[in-house]
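Student: Can you keep this structure in mind? I'll have questions shortly.
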Amino acid sequence: GVGQALAHGLAAHDVLADGIPSTLVTAADITEARHLLPGADDPSVIELRQGGGVARTVNVDPALAAFVGACDGELTVGQIAAALADLFDVPLADLWAELEPRIRALLVDGFLAAD
């Protein structure tokens, strides 16, 4: 419930004091919704939804959605970010500058957890 979500958020703040953990997992209650305009190849909106806790919904871009989707504890955060930089053909430093604060927020909000 909400109490667990608050406890998780406080624990995540402590974990983040040492930086983002090397491996992350997506919380079991997270689902993704993609909304497309008729005939469009790419979604106009991507949402991550939390089934428990405070039931947050967060709009994300394709890179963050892909990052969260790859967080299964097997690949490191660095490996995922490097693969996404290649996939989206952007410099890793630029991608990381965009992703890093949002990954931190997803950890605090319970969408991601340290493995």
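Naming scheme: A, B, ... for chains in displayed order of the structure tokens; residues 1 onward per chain; ligands 1 onward as shown.
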Residues of chain A in helix (DSSP H, G or I) according to DSSP, as a PyMOL selection string?
Tutor: chain A and resi 2-16+62-70+77-88+92-108
Student: Keeping only C-alpha atoms, write the selected residues to a file as a PDB file, in the first residue's frame.
Tutor:
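This is the output file part.pdb:
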ATOM      1  CA  VAL A   2       0.861   3.618   0.397  1.00  0.00           C
ATOM      2  CA  GLY A   3       2.943   2.984   3.525  1.00  0.00           C
ATOM      3  CA  GLN A   4       5.151   0.542   1.640  1.00  0.00           C
ATOM      4  CA  ALA A   5       5.520   3.039  -1.205  1.00  0.00           C
ATOM      5  CA  LEU A   6       6.689   5.718   1.234  1.00  0.00           C
ATOM      6  CA  ALA A   7       9.134   3.317   2.885  1.00  0.00           C
ATOM      7  CA  HIS A   8      10.475   2.323  -0.533  1.00  0.00           C
ATOM      8  CA  GLY A   9      10.935   5.985  -1.476  1.00  0.00           C
ATOM      9  CA  LEU A  10      12.904   6.711   1.688  1.00  0.00           C
ATOM     10  CA  ALA A  11      15.067   3.618   1.176  1.00  0.00           C
ATOM     11  CA  ALA A  12      15.665   4.638  -2.444  1.00  0.00           C
ATOM     12  CA  HIS A  13      16.939   8.040  -1.286  1.00  0.00           C
ATOM     13  CA  ASP A  14      19.497   6.226   0.865  1.00  0.00           C
ATOM     14  CA  VAL A  15      20.539   3.952  -2.020  1.00  0.00           C
ATOM     15  CA  LEU A  16      20.875   6.924  -4.397  1.00  0.00           C
ATOM     16  CA  PRO A  62      10.897   5.851 -26.137  1.00  0.00           C
ATOM     17  CA  ALA A  63      14.413   5.852 -24.647  1.00  0.00           C
ATOM     18  CA  LEU A  64      13.208   5.778 -21.032  1.00  0.00           C
ATOM     19  CA  ALA A  65      10.532   3.191 -21.863  1.00  0.00           C
ATOM     20  CA  ALA A  66      13.209   1.001 -23.464  1.00  0.00           C
ATOM     21  CA  PHE A  67      15.492   1.493 -20.462  1.00  0.00           C
ATOM     22  CA  VAL A  68      12.802   0.437 -17.995  1.00  0.00           C
ATOM     23  CA  GLY A  69      11.859  -2.501 -20.196  1.00  0.00           C
ATOM     24  CA  ALA A  70      15.459  -3.742 -20.183  1.00  0.00           C
ATOM     25  CA  VAL A  77      22.705   0.259 -16.181  1.00  0.00           C
ATOM     26  CA  GLY A  78      25.769   1.193 -18.226  1.00  0.00           C
ATOM     27  CA  GLN A  79      25.240  -1.654 -20.696  1.00  0.00           C
ATOM     28  CA  ILE A  80      21.594  -0.689 -21.195  1.00  0.00           C
ATOM     29  CA  ALA A  81      22.422   2.991 -21.670  1.00  0.00           C
ATOM     30  CA  ALA A  82      25.199   2.192 -24.174  1.00  0.00           C
ATOM     31  CA  ALA A  83      22.918  -0.096 -26.175  1.00  0.00           C
ATOM     32  CA  LEU A  84      20.197   2.561 -26.264  1.00  0.00           C
ATOM     33  CA  ALA A  85      22.666   5.237 -27.371  1.00  0.00           C
ATOM     34  CA  ASP A  86      23.617   2.967 -30.281  1.00  0.00           C
ATOM     35  CA  LEU A  87      19.994   2.146 -31.038  1.00  0.00           C
ATOM     36  CA  PHE A  88      18.874   5.793 -31.047  1.00  0.00           C
ATOM     37  CA  LEU A  92      26.005   8.233 -24.775  1.00  0.00           C
ATOM     38  CA  ALA A  93      26.787  11.334 -22.684  1.00  0.00           C
ATOM     39  CA  ASP A  94      23.785  13.176 -24.116  1.00  0.00           C
ATOM     40  CA  LEU A  95      21.451  10.219 -23.585  1.00  0.00           C
ATOM     41  CA  TRP A  96      22.709   9.699 -20.037  1.00  0.00           C
ATOM     42  CA  ALA A  97      22.209  13.385 -19.216  1.00  0.00           C
ATOM     43  CA  GLU A  98      18.554  12.969 -20.236  1.00  0.00           C
ATOM     44  CA  LEU A  99      17.968   9.593 -18.572  1.00  0.00           C
ATOM     45  CA  GLU A 100      19.865   9.863 -15.293  1.00  0.00           C
ATOM     46  CA  PRO A 101      17.573  12.271 -13.383  1.00  0.00           C
ATOM     47  CA  ARG A 102      14.473  10.443 -14.607  1.00  0.00           C
ATOM     48  CA  ILE A 103      15.909   7.059 -13.587  1.00  0.00           C
ATOM     49  CA  ARG A 104      16.541   8.495 -10.127  1.00  0.00           C
ATOM     50  CA  ALA A 105      12.909   9.658  -9.950  1.00  0.00           C
ATOM     51  CA  LEU A 106      11.643   6.239 -11.064  1.00  0.00           C
ATOM     52  CA  LEU A 107      13.701   4.624  -8.296  1.00  0.00           C
ATOM     53  CA  VAL A 108      12.263   6.944  -5.649  1.00  0.00           C
TER      54      VAL A 108
END
Student: Which of these residues is nearest to Leu75 of chain A, using only C-alpha atoms: A:Ala55, A:Leu112, A:Leu24, A:Val60?
Tutor: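 Smallest separation from Leu75 of chain A among the options: A:Leu24.
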Student: One number please: atom CA of Asp115 of chain A to atom CA of Thr76 of chain A, in Å, one decimal.
Tutor: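 Those two atoms sit 10.0 Å apart.
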Student: Env of Thr31 of chain A: 10 Å cut, atoms = only C-alpha atoms, seq-sep filter 4 positions within chain, self excluded. Answer as a PDB file with all heavy atoms, in the first residue's frame.
Tutor:
ATOM      1  N   THR A  26      12.725  -3.731 -12.904  1.00  0.00           N
ATOM      2  CA  THR A  26      11.436  -3.053 -12.976  1.00  0.00           C
ATOM      3  C   THR A  26      10.514  -3.687 -11.943  1.00  0.00           C
ATOM      4  O   THR A  26      10.456  -4.913 -11.823  1.00  0.00           O
ATOM      5  CB  THR A  26      10.838  -3.195 -14.381  1.00  0.00           C
ATOM      6  OG1 THR A  26      11.774  -2.668 -15.322  1.00  0.00           O
ATOM      7  CG2 THR A  26       9.527  -2.455 -14.506  1.00  0.00           C
ATOM      8  N   ALA A  27       9.804  -2.880 -11.187  1.00  0.00           N
ATOM      9  CA  ALA A  27       8.870  -3.393 -10.192  1.00  0.00           C
ATOM     10  C   ALA A  27       7.816  -4.271 -10.861  1.00  0.00           C
ATOM     11  O   ALA A  27       7.417  -4.026 -12.005  1.00  0.00           O
ATOM     12  CB  ALA A  27       8.203  -2.239  -9.448  1.00  0.00           C
ATOM     13  N   GLU A  47       3.085   5.591 -21.540  1.00  0.00           N
ATOM     14  CA  GLU A  47       2.879   5.747 -20.098  1.00  0.00           C
ATOM     15  C   GLU A  47       3.362   4.508 -19.364  1.00  0.00           C
ATOM     16  O   GLU A  47       3.128   3.389 -19.815  1.00  0.00           O
ATOM     17  CB  GLU A  47       1.400   5.917 -19.776  1.00  0.00           C
ATOM     18  CG  GLU A  47       0.761   7.150 -20.360  1.00  0.00           C
ATOM     19  CD  GLU A  47      -0.733   7.175 -20.143  1.00  0.00           C
ATOM     20  OE1 GLU A  47      -1.374   6.097 -20.111  1.00  0.00           O
ATOM     21  OE2 GLU A  47      -1.264   8.287 -20.009  1.00  0.00           O
ATOM     22  N   LEU A  48       3.999   4.731 -18.233  1.00  0.00           N
ATOM     23  CA  LEU A  48       4.292   3.659 -17.291  1.00  0.00           C
ATOM     24  C   LEU A  48       3.304   3.813 -16.150  1.00  0.00           C
ATOM     25  O   LEU A  48       3.134   4.913 -15.618  1.00  0.00           O
ATOM     26  CB  LEU A  48       5.725   3.759 -16.765  1.00  0.00           C
ATOM     27  CG  LEU A  48       6.840   3.615 -17.791  1.00  0.00           C
ATOM     28  CD1 LEU A  48       8.200   3.779 -17.116  1.00  0.00           C
ATOM     29  CD2 LEU A  48       6.755   2.286 -18.504  1.00  0.00           C
ATOM     30  N   ARG A  49       2.650   2.706 -15.818  1.00  0.00           N
ATOM     31  CA  ARG A  49       1.628   2.746 -14.764  1.00  0.00           C
ATOM     32  C   ARG A  49       2.009   1.818 -13.626  1.00  0.00           C
ATOM     33  O   ARG A  49       2.419   0.689 -13.841  1.00  0.00           O
ATOM     34  CB  ARG A  49       0.271   2.320 -15.329  1.00  0.00           C
ATOM     35  CG  ARG A  49      -0.247   3.270 -16.365  1.00  0.00           C
ATOM     36  CD  ARG A  49      -1.571   2.827 -16.897  1.00  0.00           C
ATOM     37  NE  ARG A  49      -2.050   3.779 -17.899  1.00  0.00           N
ATOM     38  CZ  ARG A  49      -2.963   3.513 -18.782  1.00  0.00           C
ATOM     39  NH1 ARG A  49      -3.553   2.328 -18.801  1.00  0.00           N
ATOM     40  NH2 ARG A  49      -3.332   4.436 -19.655  1.00  0.00           N
ATOM     41  N   GLN A  50       1.806   2.322 -12.430  1.00  0.00           N
ATOM     42  CA  GLN A  50       2.106   1.590 -11.214  1.00  0.00           C
ATOM     43  C   GLN A  50       0.812   0.978 -10.687  1.00  0.00           C
ATOM     44  O   GLN A  50      -0.161   1.700 -10.457  1.00  0.00           O
ATOM     45  CB  GLN A  50       2.689   2.594 -10.223  1.00  0.00           C
ATOM     46  CG  GLN A  50       3.344   2.051  -9.016  1.00  0.00           C
ATOM     47  CD  GLN A  50       3.946   3.202  -8.215  1.00  0.00           C
ATOM     48  OE1 GLN A  50       3.284   4.211  -7.990  1.00  0.00           O
ATOM     49  NE2 GLN A  50       5.170   3.039  -7.791  1.00  0.00           N
ATOM     50  N   GLY A  51       0.803  -0.335 -10.518  1.00  0.00           N
ATOM     51  CA  GLY A  51      -0.404  -1.009 -10.059  1.00  0.00           C
ATOM     52  C   GLY A  51      -0.626  -0.911  -8.562  1.00  0.00           C
ATOM     53  O   GLY A  51      -1.749  -0.986  -8.090  1.00  0.00           O
ATOM     54  N   THR A  57       1.104   7.300 -12.632  1.00  0.00           N
ATOM     55  CA  THR A  57       1.265   7.141 -14.073  1.00  0.00           C
ATOM     56  C   THR A  57       2.266   8.194 -14.513  1.00  0.00           C
ATOM     57  O   THR A  57       2.129   9.369 -14.167  1.00  0.00           O
ATOM     58  CB  THR A  57      -0.066   7.336 -14.816  1.00  0.00           C
ATOM     59  OG1 THR A  57      -0.992   6.328 -14.383  1.00  0.00           O
ATOM     60  CG2 THR A  57       0.117   7.225 -16.316  1.00  0.00           C
ATOM     61  N   GLY A  69      12.159  -1.167 -19.693  1.00  0.00           N
ATOM     62  CA  GLY A  69      11.859  -2.501 -20.196  1.00  0.00           C
ATOM     63  C   GLY A  69      13.044  -3.450 -20.147  1.00  0.00           C
ATOM     64  O   GLY A  69      12.871  -4.662 -20.037  1.00  0.00           O
ATOM     65  N   PHE A 111       9.075   2.623  -9.369  1.00  0.00           N
ATOM     66  CA  PHE A 111       8.963   1.972 -10.685  1.00  0.00           C
ATOM     67  C   PHE A 111      10.142   1.045 -10.919  1.00  0.00           C
ATOM     68  O   PHE A 111      10.013   0.022 -11.580  1.00  0.00           O
ATOM     69  CB  PHE A 111       8.910   3.020 -11.799  1.00  0.00           C
ATOM     70  CG  PHE A 111       7.605   3.759 -11.880  1.00  0.00           C
ATOM     71  CD1 PHE A 111       7.308   4.786 -10.999  1.00  0.00           C
ATOM     72  CD2 PHE A 111       6.674   3.427 -12.845  1.00  0.00           C
ATOM     73  CE1 PHE A 111       6.110   5.471 -11.085  1.00  0.00           C
ATOM     74  CE2 PHE A 111       5.461   4.118 -12.934  1.00  0.00           C
ATOM     75  CZ  PHE A 111       5.188   5.126 -12.043  1.00  0.00           C
TER      76      PHE A 111
END
Student: Could you tell me how far atom CA of Asp61 of chain A sits from atom CA of Gly39 of chain A, in Å to one decimal place?
Tutor: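 Rounded to one decimal, the two atoms are 19.4 Å apart.
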